[in-house]
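To be precise, the following lines are entry-v1.csv, and they hold CSV, C-alpha atoms and all ligand atoms.
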```csv
chain,number,residue,atom,x,y,z
A,1,MET,CA,121.0,89.3,64.5
A,2,GLY,CA,121.3,88.5,60.9
A,3,LYS,CA,121.9,91.1,58.3
A,4,LYS,CA,118.8,93.0,57.2
A,5,LYS,CA,117.5,92.1,53.7
A,6,TYR,CA,115.6,94.5,51.5
A,7,LYS,CA,113.3,94.0,48.5
A,8,LEU,CA,111.7,96.0,45.8
A,9,LYS,CA,108.0,96.4,46.3
A,10,ILE,CA,105.9,97.4,43.3
A,11,ASP,CA,102.3,98.4,43.8
A,12,ARG,CA,100.7,97.5,40.5
A,13,GLU,CA,97.5,99.5,41.2
A,14,ARG,CA,99.5,102.7,41.7
A,15,CYS,CA,101.7,102.1,38.6
A,16,LYS,CA,100.7,103.9,35.4
A,17,GLY,CA,103.4,102.2,33.3
A,18,CYS,CA,105.4,105.4,32.3
A,19,LEU,CA,108.6,103.3,32.5
A,20,PHE,CA,110.7,106.1,33.9
A,21,CYS,CA,111.9,103.5,36.4
A,22,ALA,CA,112.8,100.9,33.8
A,23,GLU,CA,114.7,103.6,31.8
A,24,ALA,CA,116.6,104.7,34.9
A,25,CYS,CA,117.5,101.1,36.1
A,26,PRO,CA,121.2,100.7,35.5
A,27,LEU,CA,120.8,96.9,35.2
A,28,LYS,CA,117.6,96.9,33.2
A,29,ALA,CA,115.8,94.7,35.7
A,30,LEU,CA,112.4,96.2,35.1
A,31,SER,CA,109.9,95.8,32.2
A,32,ILE,CA,106.3,96.3,31.3
A,33,SER,CA,103.6,93.8,32.2
A,34,ASP,CA,101.6,91.8,29.7
A,35,ASP,CA,98.3,92.2,31.5
A,36,VAL,CA,96.7,95.4,33.0
A,37,ASN,CA,95.9,96.6,36.5
A,38,GLY,CA,92.5,97.6,37.9
A,39,ARG,CA,92.7,100.9,36.0
A,40,GLY,CA,93.3,99.2,32.7
A,41,LEU,CA,97.0,100.3,32.6
A,42,LYS,CA,100.0,98.1,31.9
A,43,TYR,CA,102.3,98.2,34.9
A,44,VAL,CA,106.0,97.7,35.6
A,45,VAL,CA,107.3,94.3,36.8
A,46,LEU,CA,110.7,93.3,38.3
A,47,SER,CA,111.4,90.9,35.5
A,48,SER,CA,114.9,90.1,36.5
A,49,PRO,CA,114.9,90.2,40.3
A,50,GLU,CA,118.4,88.6,40.5
A,51,LYS,CA,119.8,91.7,38.8
A,52,CYS,CA,118.2,94.2,41.3
A,53,THR,CA,120.7,95.8,43.8
A,54,LYS,CA,118.0,97.9,45.5
A,55,CYS,CA,119.9,101.0,44.4
A,56,GLY,CA,116.6,103.0,44.5
A,57,LEU,CA,117.0,104.9,41.2
A,58,CYS,CA,113.6,103.6,40.1
A,59,VAL,CA,112.1,105.0,43.3
A,60,VAL,CA,113.7,108.4,42.6
A,61,MET,CA,112.0,108.5,39.1
A,62,CYS,CA,108.5,107.2,40.0
A,63,PRO,CA,105.8,109.8,39.7
A,64,ASP,CA,103.3,107.7,41.5
A,65,CYS,CA,105.1,106.3,44.6
A,66,ALA,CA,104.4,102.9,43.1
A,67,ILE,CA,107.9,101.5,43.9
A,68,GLU,CA,109.4,101.2,47.3
A,69,ILE,CA,112.4,99.5,48.9
A,70,VAL,CA,111.2,97.8,52.1
A,71,GLU,CA,112.7,95.4,54.6
A,72,GLU,CA,112.2,91.8,53.9
A,73,GLU,CA,110.3,90.0,56.7
B,1,MET,CA,122.2,99.1,49.3
B,2,GLY,CA,120.9,98.4,52.7
B,3,LYS,CA,118.3,101.2,53.1
B,4,THR,CA,114.6,101.4,52.9
B,5,TYR,CA,113.1,104.0,50.5
B,6,THR,CA,109.3,104.4,50.9
B,7,ARG,CA,106.6,106.9,50.2
B,8,PRO,CA,107.3,110.1,52.3
B,9,ASN,CA,105.1,110.7,55.3
B,10,SER,CA,104.0,114.0,53.9
B,11,MET,CA,102.4,112.3,50.9
B,12,LYS,CA,99.0,110.8,51.5
B,13,ASP,CA,98.4,107.1,50.6
B,14,VAL,CA,96.1,107.9,47.7
B,15,LEU,CA,96.3,107.5,44.0
B,16,THR,CA,96.8,110.8,42.1
B,17,HIS,CA,94.7,111.8,39.1
B,18,TYR,CA,97.8,112.6,37.0
B,19,CYS,CA,98.3,111.1,33.6
B,20,PRO,CA,101.1,108.4,33.2
B,21,GLY,CA,104.5,110.1,33.2
B,22,CYS,CA,103.2,113.5,34.4
B,23,GLY,CA,105.9,115.5,36.2
B,24,HIS,CA,103.5,116.8,38.9
B,25,GLY,CA,103.6,113.4,40.7
B,26,MET,CA,107.4,113.5,40.8
B,27,VAL,CA,107.5,117.1,42.1
B,28,HIS,CA,104.8,116.4,44.7
B,29,ARG,CA,106.9,113.5,46.0
B,30,ILE,CA,110.1,115.5,46.0
B,31,ILE,CA,108.5,118.3,48.0
B,32,CYS,CA,107.2,115.8,50.5
B,33,GLU,CA,110.6,114.2,50.9
B,34,VAL,CA,112.2,117.6,51.5
B,35,ILE,CA,109.5,118.4,54.1
B,36,ASP,CA,110.0,115.1,55.8
B,37,GLU,CA,113.8,115.6,55.9
B,38,LEU,CA,113.5,119.2,57.3
B,39,ASP,CA,110.9,117.9,59.7
B,40,VAL,CA,108.5,120.8,59.0
B,41,ARG,CA,105.4,118.9,58.1
B,42,GLU,CA,103.4,120.4,60.9
B,43,THR,CA,104.6,124.0,60.3
B,44,THR,CA,104.2,124.1,56.5
B,45,ILE,CA,101.5,125.9,54.6
B,46,ALA,CA,101.3,125.4,50.8
B,47,VAL,CA,99.2,127.3,48.3
B,48,ALA,CA,98.0,125.2,45.4
B,49,PRO,CA,97.3,126.7,42.0
B,50,VAL,CA,94.6,126.5,39.4
B,51,GLY,CA,95.9,123.9,36.8
B,52,CYS,CA,96.4,120.2,36.9
B,53,ALA,CA,97.8,120.5,40.4
B,54,VAL,CA,94.6,122.1,41.7
B,55,LEU,CA,94.0,119.0,43.8
B,56,ALA,CA,97.4,118.9,45.5
B,57,TYR,CA,95.8,119.3,48.9
B,58,ASP,CA,94.3,115.9,48.4
B,59,TYR,CA,97.7,114.4,48.0
B,60,TRP,CA,99.8,116.4,50.6
B,61,ASN,CA,99.6,115.5,54.2
B,62,PHE,CA,100.2,119.1,55.4
B,63,ASP,CA,98.2,122.3,55.4
B,64,THR,CA,97.4,123.4,51.9
B,65,THR,CA,95.1,126.1,50.7
B,66,GLU,CA,94.0,127.0,47.2
B,67,ALA,CA,94.1,130.4,45.5
B,68,ALA,CA,92.4,131.9,42.5
B,69,HIS,CA,94.2,131.4,39.2
B,70,GLY,CA,97.7,132.9,39.3
B,71,ARG,CA,97.1,134.5,42.7
B,72,THR,CA,99.1,132.1,44.9
B,73,PRO,CA,102.0,134.5,45.5
B,74,ALA,CA,99.6,137.1,46.8
B,75,VAL,CA,97.8,134.6,49.0
B,76,ALA,CA,101.2,133.2,50.2
B,77,THR,CA,102.3,136.8,51.0
B,78,GLY,CA,99.4,137.2,53.3
B,79,ILE,CA,99.9,133.9,55.0
B,80,LYS,CA,103.6,134.4,55.5
B,81,ARG,CA,103.2,137.9,56.9
B,82,ILE,CA,100.7,136.5,59.5
B,83,HIS,CA,102.8,133.4,60.1
B,84,PRO,CA,106.4,134.4,59.6
B,85,ASP,CA,107.7,131.2,61.2
B,86,LYS,CA,105.8,128.8,59.0
B,87,LEU,CA,107.3,127.4,55.8
B,88,VAL,CA,105.1,128.9,53.1
B,89,PHE,CA,105.4,127.9,49.5
B,90,THR,CA,103.3,128.2,46.3
B,91,TYR,CA,103.1,125.4,43.7
B,92,GLN,CA,102.3,126.7,40.3
B,93,GLY,CA,102.1,125.7,36.6
B,94,ASP,CA,103.5,127.9,33.9
B,95,GLY,CA,100.0,129.1,32.8
B,96,ASP,CA,99.2,130.0,36.3
B,97,LEU,CA,102.6,131.6,37.1
B,98,ALA,CA,103.7,133.1,33.7
B,99,ALA,CA,100.3,134.1,32.2
B,100,ILE,CA,97.4,135.1,34.4
B,101,GLY,CA,99.7,135.3,37.5
B,102,THR,CA,102.6,137.3,36.0
B,103,ALA,CA,101.8,140.4,38.1
B,104,GLU,CA,101.6,138.5,41.4
B,105,THR,CA,104.8,136.6,40.6
B,106,ILE,CA,106.8,139.7,39.8
B,107,HIS,CA,105.5,141.9,42.6
B,108,ALA,CA,106.0,139.2,45.3
B,109,GLY,CA,109.6,138.8,44.1
B,110,ASN,CA,110.1,142.6,43.9
B,111,ARG,CA,108.8,143.0,47.5
B,112,GLY,CA,111.2,140.3,48.5
B,113,GLU,CA,108.5,138.3,50.3
B,114,ASN,CA,110.2,135.5,52.3
B,115,ILE,CA,108.3,132.7,50.4
B,116,SER,CA,109.3,129.9,48.0
B,117,ILE,CA,107.8,129.3,44.6
B,118,ILE,CA,107.8,125.9,43.0
B,119,PHE,CA,107.3,126.6,39.3
B,120,VAL,CA,106.4,123.5,37.3
B,121,ASN,CA,107.0,124.4,33.6
B,122,ASN,CA,105.5,121.9,31.2
B,123,GLY,CA,105.1,124.5,28.4
B,124,VAL,CA,101.3,124.1,28.0
B,125,TYR,CA,98.1,124.6,29.8
B,126,GLY,CA,97.6,121.0,30.9
B,127,MET,CA,94.3,121.2,32.7
B,128,THR,CA,92.3,122.9,30.0
B,129,GLY,CA,93.5,120.8,27.1
B,130,GLY,CA,97.1,121.7,26.1
B,131,GLN,CA,96.8,125.2,24.9
B,132,MET,CA,99.8,127.4,24.2
B,133,ALA,CA,101.4,129.0,27.3
B,134,PRO,CA,103.7,132.0,27.4
B,135,THR,CA,106.5,129.4,28.0
B,136,THR,CA,105.7,127.3,25.0
B,137,ILE,CA,108.9,127.0,23.0
B,138,LEU,CA,109.3,128.2,19.4
B,139,GLY,CA,108.3,125.5,16.9
B,140,GLN,CA,106.0,123.7,19.4
B,141,ILE,CA,102.5,122.7,18.2
B,142,THR,CA,99.7,123.1,20.7
B,143,ALA,CA,95.9,123.2,20.6
B,144,THR,CA,96.1,127.0,20.1
B,145,SER,CA,99.3,127.2,18.0
B,146,PRO,CA,98.4,124.6,15.3
B,147,TYR,CA,101.0,126.1,13.0
B,148,SER,CA,103.5,125.8,15.8
B,149,ARG,CA,104.7,128.8,17.9
B,150,ARG,CA,106.2,131.4,15.6
B,151,SER,CA,107.9,134.4,17.1
B,152,GLU,CA,106.4,136.8,14.6
B,153,LYS,CA,102.8,135.7,15.4
B,154,GLU,CA,102.8,134.2,18.9
B,155,GLY,CA,105.8,135.9,20.3
B,156,PHE,CA,108.8,134.5,22.1
B,157,PRO,CA,108.9,132.0,25.0
B,158,LEU,CA,108.8,134.0,28.3
B,159,LYS,CA,111.9,133.4,30.4
B,160,ILE,CA,110.4,134.2,33.8
B,161,MET,CA,113.5,133.2,35.8
B,162,GLU,CA,115.8,135.4,33.8
B,163,MET,CA,113.3,138.3,34.2
B,164,MET,CA,113.1,137.7,38.0
B,165,ALA,CA,116.9,137.7,38.3
B,166,VAL,CA,117.1,141.5,37.8
B,167,LEU,CA,114.9,142.1,40.9
B,168,PRO,CA,116.9,142.9,44.0
B,169,GLY,CA,114.2,141.3,46.2
B,170,VAL,CA,114.8,137.9,44.6
B,171,THR,CA,117.6,136.0,46.3
B,172,TYR,CA,117.7,132.5,44.8
B,173,LEU,CA,116.7,131.1,41.5
B,174,GLU,CA,117.4,127.7,40.1
B,175,ARG,CA,116.1,125.8,37.1
B,176,THR,CA,116.1,122.0,37.0
B,177,MET,CA,114.6,119.2,35.1
B,178,LEU,CA,113.1,115.7,35.7
B,179,THR,CA,114.9,113.8,33.0
B,180,SER,CA,117.0,111.3,35.0
B,181,PRO,CA,117.7,110.3,38.6
B,182,LYS,CA,120.6,112.7,38.7
B,183,GLU,CA,118.5,115.6,37.6
B,184,VAL,CA,115.6,114.6,39.9
B,185,ILE,CA,118.1,114.6,42.8
B,186,LYS,CA,119.3,118.1,41.7
B,187,THR,CA,115.7,119.2,41.7
B,188,LYS,CA,115.3,117.9,45.3
B,189,LYS,CA,118.5,119.8,46.3
B,190,ALA,CA,117.2,123.0,44.8
B,191,ILE,CA,113.8,122.7,46.5
B,192,LYS,CA,115.6,122.0,49.8
B,193,ARG,CA,117.9,125.0,49.4
B,194,SER,CA,114.9,127.2,48.7
B,195,PHE,CA,113.0,126.0,51.8
B,196,LYS,CA,116.1,126.2,54.0
B,197,ARG,CA,116.8,129.8,52.8
B,198,GLN,CA,113.2,130.7,53.7
B,199,LEU,CA,113.6,129.2,57.1
B,200,ASP,CA,116.8,131.2,57.5
B,201,LYS,CA,114.8,134.3,56.6
B,202,LYS,CA,116.9,134.9,53.5
B,203,GLY,CA,114.0,136.0,51.3
B,204,PHE,CA,112.2,135.3,48.0
B,205,SER,CA,113.3,132.2,46.0
B,206,MET,CA,112.0,130.3,43.1
B,207,VAL,CA,112.7,126.9,41.6
B,208,GLU,CA,111.6,126.2,38.0
B,209,ILE,CA,111.3,122.6,37.0
B,210,LEU,CA,111.1,121.5,33.4
B,211,SER,CA,108.5,118.9,33.5
B,212,PRO,CA,106.9,116.5,31.0
B,213,CYS,CA,103.3,116.6,29.8
B,214,PRO,CA,103.1,113.5,27.7
B,215,THR,CA,99.4,113.8,27.1
B,216,TYR,CA,99.5,117.3,25.5
B,217,TRP,CA,102.9,116.9,23.9
B,218,GLY,CA,101.5,113.9,22.1
B,219,LEU,CA,104.5,111.8,23.1
B,220,SER,CA,105.1,108.8,25.3
B,221,PRO,CA,106.5,109.5,28.8
B,222,LEU,CA,110.0,108.4,27.7
B,223,GLU,CA,109.8,110.4,24.5
B,224,SER,CA,108.7,113.4,26.6
B,225,ILE,CA,111.8,113.2,28.8
B,226,LYS,CA,114.0,113.0,25.7
B,227,ARG,CA,112.2,116.1,24.3
B,228,ILE,CA,113.1,118.1,27.4
B,229,GLU,CA,116.8,117.0,27.0
B,230,ASN,CA,116.9,117.6,23.3
B,231,GLU,CA,114.6,120.6,22.8
B,232,VAL,CA,113.4,122.3,25.9
B,233,VAL,CA,116.7,122.9,27.7
B,234,ALA,CA,118.0,124.8,24.7
B,235,THR,CA,115.4,127.5,25.5
B,236,TYR,CA,115.5,127.1,29.3
B,237,PRO,CA,119.1,126.2,30.4
B,238,VAL,CA,119.2,124.5,33.7
B,239,GLY,CA,121.3,125.6,36.7
B,240,VAL,CA,121.5,128.2,39.3
B,241,ILE,CA,120.4,131.5,37.9
B,242,LYS,CA,120.9,133.7,41.0
B,243,GLU,CA,122.1,133.0,44.5
B,244,ASP,CA,122.7,135.8,47.0
B,245,LYS,CA,124.6,135.1,50.2
A,301,LIG,C1,90.3,133.1,36.0
A,301,LIG,C2,90.5,131.9,35.3
A,301,LIG,N1,90.9,131.9,34.0
A,301,LIG,C3,91.1,130.8,33.3
A,301,LIG,C4,90.9,129.5,33.9
A,301,LIG,C5,91.0,128.3,33.0
A,301,LIG,N2,92.3,127.6,33.4
A,301,LIG,C6,92.3,126.6,34.3
A,301,LIG,S1,93.8,125.9,34.4
A,301,LIG,C7,94.5,126.9,33.3
A,301,LIG,C8,95.9,126.8,32.9
A,301,LIG,C9,96.7,125.8,33.6
A,301,LIG,O1,98.0,125.7,33.1
A,301,LIG,P1,99.3,125.6,33.9
A,301,LIG,O2,99.3,126.6,35.0
A,301,LIG,O3,100.4,125.5,33.0
A,301,LIG,O4,99.2,124.2,34.7
A,301,LIG,P2,99.1,122.7,34.2
A,301,LIG,O5,97.6,122.4,34.1
A,301,LIG,O6,99.8,122.6,32.9
A,301,LIG,O7,99.8,121.9,35.3
A,301,LIG,C10,93.5,127.8,32.8
A,301,LIG,C11,93.8,128.8,31.8
A,301,LIG,C12,90.5,129.5,35.2
A,301,LIG,N3,90.3,128.4,35.9
A,301,LIG,N4,90.3,130.7,35.9
```

Could you write out this file's structure as structure tokens?
Ligand SMILES: Cc1ncc(C[n+]2csc(CCOP(=O)(O)OP(=O)(O)O)c2C)c(N)n1
Amino acid sequence: MGKKKYKLKIDRERCKGCLFCAEACPLKALSISDDVNGRGLKYVVLSSPEKCTKCGLCVVMCPDCAIEIVEEE
Amino acid sequence: MGKTYTRPNSMKDVLTHYCPGCGHGMVHRIICEVIDELDVRETTIAVAPVGCAVLAYDYWNFDTTEAAHGRTPAVATGIKRIHPDKLVFTYQGDGDLAAIGTAETIHAGNRGENISIIFVNNGVYGMTGGQMAPTTILGQITATSPYSRRSEKEGFPLKIMEMMAVLPGVTYLERTMLTSPKEVIKTKKAIKRSFKRQLDKKGFSMVEILSPCPTYWGLSPLESIKRIENEVVATYPVGVIKEDK
């Protein structure tokens, strides 16, 4: 069995673009989108995936359960 | 890190109606995480307030009822007395708890009801359009304090927790804020402590959470968090206010 891998999953339709996550990210891996989601709101994107350590601080700050850390298939 | 971190089971898979950066969404999730961790989802009864969180029962995947404005501690008293083994908590805004519901709050505490109160203080009446609340801090401009809150005209901010601390029936009081992951984790610990104390039959407890209302503060979500750190905590210092053994 190989070591489990994890990834950050952002649900753009849940995100309201408050950026609490981006502010909390110690490595500044998150930023705001250029386009908008179905509700007309800008949403957060993992702009520097290589920086992300899946520490979960963004998940702690999210008011909308829009970010999750899940197992990679 | 090597761990998954997903939406808690106690939180339904629905979008909330809250504005971007609203603290209610954070507090809802924190409560759900605590309920999952204590494994009490099926034995919890919440009482939702009148205020922006009036629809909390649409978001929580456990039994939740609704009370008239400010009356949640009275309704929770009845529920807890009939179901002493259930986890019973109220979820209230500062208008609900500290204005129209002041009497219910104080008397539930004074009777030492074995319930938990989660008090979300955003300093305004969010649902009705950002009017001044008893908790609005001095100098704050709101829809009904257009010249800002001045002590000589509108009175001083009401420090409910400090008032409750003198009541012998009140056993645990903590004030926290939602300004950083560290503070959010402290908030979660406080809510967990309050729930655990109730399950251990230790009596009345209350957690006040300084929460952002970007819409009616006229600030961005990130500016709102800075405002809590720079202005609001000066009036409402965070930390444990009372903890009986
Ligand atoms: C008896 C009664 N009086 C007044 C109102 C109007 N009202 C609805 S919500 C609210 C205040 C809510 O403010 P708060 O408790 O701080 O919650 P928030 O919306 O900020 O989360 C008021 C005055 C009402 N619904 N019922």

Contacts with ligand LIG 301 (chain A) at most 10 Å, all atoms listed in the file counted, listed as a VMD selection string: chain B and resid 18 22 to 24 49 to 54 68 to 71 91 to 101 119 to 136 211 to 213 216

Exercise: Cys58 of chain A partners within 7 Å, all atoms listed in the file, chain neighbours under 5 positions left out, as number ranges by chain: A: 21-22, 24-25

Counting only C-alpha atoms, chain B residues within 9 Å of chain A, as an MDAnalysis selection string: chainID B and resid 1:8 14:16 18:30 178:182 184:185 220:222 225

Suppose we keep C-alpha atoms; can you now write the selection as a compact mmCIF listing (two decimals), keeping the file's coordinate frame?
```
# COMPACT_ATOMS: atom_id res chain seq x y z
CA MET B 1 122.20 99.10 49.30
CA GLY B 2 120.90 98.40 52.70
CA LYS B 3 118.30 101.20 53.10
CA THR B 4 114.60 101.40 52.90
CA TYR B 5 113.10 104.00 50.50
CA THR B 6 109.30 104.40 50.90
CA ARG B 7 106.60 106.90 50.20
CA PRO B 8 107.30 110.10 52.30
CA VAL B 14 96.10 107.90 47.70
CA LEU B 15 96.30 107.50 44.00
CA THR B 16 96.80 110.80 42.10
CA TYR B 18 97.80 112.60 37.00
CA CYS B 19 98.30 111.10 33.60
CA PRO B 20 101.10 108.40 33.20
CA GLY B 21 104.50 110.10 33.20
CA CYS B 22 103.20 113.50 34.40
CA GLY B 23 105.90 115.50 36.20
CA HIS B 24 103.50 116.80 38.90
CA GLY B 25 103.60 113.40 40.70
CA MET B 26 107.40 113.50 40.80
CA VAL B 27 107.50 117.10 42.10
CA HIS B 28 104.80 116.40 44.70
CA ARG B 29 106.90 113.50 46.00
CA ILE B 30 110.10 115.50 46.00
CA LEU B 178 113.10 115.70 35.70
CA THR B 179 114.90 113.80 33.00
CA SER B 180 117.00 111.30 35.00
CA PRO B 181 117.70 110.30 38.60
CA LYS B 182 120.60 112.70 38.70
CA VAL B 184 115.60 114.60 39.90
CA ILE B 185 118.10 114.60 42.80
CA SER B 220 105.10 108.80 25.30
CA PRO B 221 106.50 109.50 28.80
CA LEU B 222 110.00 108.40 27.70
CA ILE B 225 111.80 113.20 28.80
```

Point-to-point distance from atom CA of Ala29 of chain A to atom CA of Glu33 of chain B, Å rounded to tenths: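 Answer for the atom CA of Ala29 of chain A to atom CA of Glu33 of chain B separation: 25.3 Å.
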
Pairwise distance for atom CA of Val47 of chain B and atom CA of Ala76 of chain B, rounded to one decimal in Å: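 For atom CA of Val47 of chain B relative to atom CA of Ala76 of chain B, the distance reads 6.5 Å.
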
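Distance annotation: of B:Pro73, B:Ala143, B:Val88, B:Ala48, the residue with the minimal separation from Ile106 of chain B is B:Pro73; atom set is all atoms listed in the file.
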
Between atom CA of Ile82 of chain B and atom CA of Thr44 of chain B, distance in Å (one decimal):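 It comes out at 13.2 Å.
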
Start from the incomplete input, build all heavy atoms for segment 200-209 of chain B, and deliver everything as a PDB file, in the coordinates of the input.
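Saved to part04.pdb:
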```
ATOM      1  N   ASP B 200     115.735 130.300  57.012  1.00  0.00           N
ATOM      2  CA  ASP B 200     116.800 131.200  57.500  1.00  0.00           C
ATOM      3  C   ASP B 200     116.494 132.660  57.251  1.00  0.00           C
ATOM      4  O   ASP B 200     117.378 133.512  57.364  1.00  0.00           O
ATOM      5  CB  ASP B 200     118.149 130.821  56.850  1.00  0.00           C
ATOM      6  CG  ASP B 200     118.636 129.449  57.275  1.00  0.00           C
ATOM      7  OD1 ASP B 200     118.169 128.965  58.329  1.00  0.00           O
ATOM      8  OD2 ASP B 200     119.473 128.859  56.558  1.00  0.00           O
ATOM      9  N   LYS B 201     115.282 132.953  56.824  1.00  0.00           N
ATOM     10  CA  LYS B 201     114.800 134.300  56.600  1.00  0.00           C
ATOM     11  C   LYS B 201     115.661 135.051  55.524  1.00  0.00           C
ATOM     12  O   LYS B 201     115.960 136.242  55.648  1.00  0.00           O
ATOM     13  CB  LYS B 201     114.760 135.117  57.876  1.00  0.00           C
ATOM     14  CG  LYS B 201     113.949 134.414  58.979  1.00  0.00           C
ATOM     15  CD  LYS B 201     113.307 135.377  59.911  1.00  0.00           C
ATOM     16  CE  LYS B 201     112.451 134.786  61.017  1.00  0.00           C
ATOM     17  NZ  LYS B 201     111.801 133.519  60.840  1.00  0.00           N
ATOM     18  N   LYS B 202     116.048 134.307  54.473  1.00  0.00           N
ATOM     19  CA  LYS B 202     116.900 134.900  53.500  1.00  0.00           C
ATOM     20  C   LYS B 202     116.105 135.547  52.316  1.00  0.00           C
ATOM     21  O   LYS B 202     116.674 136.163  51.434  1.00  0.00           O
ATOM     22  CB  LYS B 202     117.880 133.890  52.905  1.00  0.00           C
ATOM     23  CG  LYS B 202     118.963 133.564  53.905  1.00  0.00           C
ATOM     24  CD  LYS B 202     120.136 132.888  53.254  1.00  0.00           C
ATOM     25  CE  LYS B 202     121.280 132.726  54.227  1.00  0.00           C
ATOM     26  NZ  LYS B 202     122.181 131.655  53.847  1.00  0.00           N
ATOM     27  N   GLY B 203     114.800 135.332  52.293  1.00  0.00           N
ATOM     28  CA  GLY B 203     114.000 136.000  51.300  1.00  0.00           C
ATOM     29  C   GLY B 203     113.476 135.181  50.160  1.00  0.00           C
ATOM     30  O   GLY B 203     113.560 133.959  50.181  1.00  0.00           O
ATOM     31  N   PHE B 204     112.963 135.852  49.153  1.00  0.00           N
ATOM     32  CA  PHE B 204     112.200 135.300  48.000  1.00  0.00           C
ATOM     33  C   PHE B 204     113.099 134.311  47.210  1.00  0.00           C
ATOM     34  O   PHE B 204     114.198 134.660  46.803  1.00  0.00           O
ATOM     35  CB  PHE B 204     111.698 136.371  47.155  1.00  0.00           C
ATOM     36  CG  PHE B 204     110.807 135.918  46.038  1.00  0.00           C
ATOM     37  CD1 PHE B 204     109.433 135.927  46.194  1.00  0.00           C
ATOM     38  CD2 PHE B 204     111.335 135.500  44.824  1.00  0.00           C
ATOM     39  CE1 PHE B 204     108.595 135.524  45.159  1.00  0.00           C
ATOM     40  CE2 PHE B 204     110.507 135.094  43.787  1.00  0.00           C
ATOM     41  CZ  PHE B 204     109.138 135.108  43.957  1.00  0.00           C
ATOM     42  N   SER B 205     112.574 133.131  46.944  1.00  0.00           N
ATOM     43  CA  SER B 205     113.300 132.200  46.000  1.00  0.00           C
ATOM     44  C   SER B 205     112.321 131.434  45.189  1.00  0.00           C
ATOM     45  O   SER B 205     111.143 131.285  45.525  1.00  0.00           O
ATOM     46  CB  SER B 205     114.201 131.281  46.838  1.00  0.00           C
ATOM     47  OG  SER B 205     113.424 130.454  47.677  1.00  0.00           O
ATOM     48  N   MET B 206     112.844 130.952  44.091  1.00  0.00           N
ATOM     49  CA  MET B 206     112.000 130.300  43.100  1.00  0.00           C
ATOM     50  C   MET B 206     112.777 129.138  42.458  1.00  0.00           C
ATOM     51  O   MET B 206     113.946 129.309  42.107  1.00  0.00           O
ATOM     52  CB  MET B 206     111.617 131.317  42.059  1.00  0.00           C
ATOM     53  CG  MET B 206     110.292 131.128  41.424  1.00  0.00           C
ATOM     54  SD  MET B 206     109.822 132.692  40.657  1.00  0.00           S
ATOM     55  CE  MET B 206     109.476 132.094  39.048  1.00  0.00           C
ATOM     56  N   VAL B 207     112.133 127.990  42.314  1.00  0.00           N
ATOM     57  CA  VAL B 207     112.700 126.900  41.600  1.00  0.00           C
ATOM     58  C   VAL B 207     111.830 126.530  40.425  1.00  0.00           C
ATOM     59  O   VAL B 207     110.638 126.275  40.608  1.00  0.00           O
ATOM     60  CB  VAL B 207     112.892 125.625  42.512  1.00  0.00           C
ATOM     61  CG1 VAL B 207     113.496 124.457  41.745  1.00  0.00           C
ATOM     62  CG2 VAL B 207     113.730 125.948  43.737  1.00  0.00           C
ATOM     63  N   GLU B 208     112.387 126.584  39.214  1.00  0.00           N
ATOM     64  CA  GLU B 208     111.600 126.200  38.000  1.00  0.00           C
ATOM     65  C   GLU B 208     112.021 124.796  37.639  1.00  0.00           C
ATOM     66  O   GLU B 208     113.204 124.476  37.585  1.00  0.00           O
ATOM     67  CB  GLU B 208     111.925 127.169  36.862  1.00  0.00           C
ATOM     68  CG  GLU B 208     111.280 126.735  35.548  1.00  0.00           C
ATOM     69  CD  GLU B 208     111.527 127.691  34.389  1.00  0.00           C
ATOM     70  OE1 GLU B 208     112.058 128.797  34.607  1.00  0.00           O
ATOM     71  OE2 GLU B 208     111.188 127.321  33.255  1.00  0.00           O
ATOM     72  N   ILE B 209     111.014 123.970  37.367  1.00  0.00           N
ATOM     73  CA  ILE B 209     111.300 122.600  37.000  1.00  0.00           C
ATOM     74  C   ILE B 209     110.725 122.277  35.655  1.00  0.00           C
ATOM     75  O   ILE B 209     109.515 122.399  35.430  1.00  0.00           O
ATOM     76  CB  ILE B 209     110.667 121.653  38.106  1.00  0.00           C
ATOM     77  CG1 ILE B 209     111.253 121.999  39.489  1.00  0.00           C
ATOM     78  CG2 ILE B 209     110.910 120.191  37.768  1.00  0.00           C
ATOM     79  CD1 ILE B 209     110.336 121.732  40.632  1.00  0.00           C
TER      80      ILE B 209
END
```
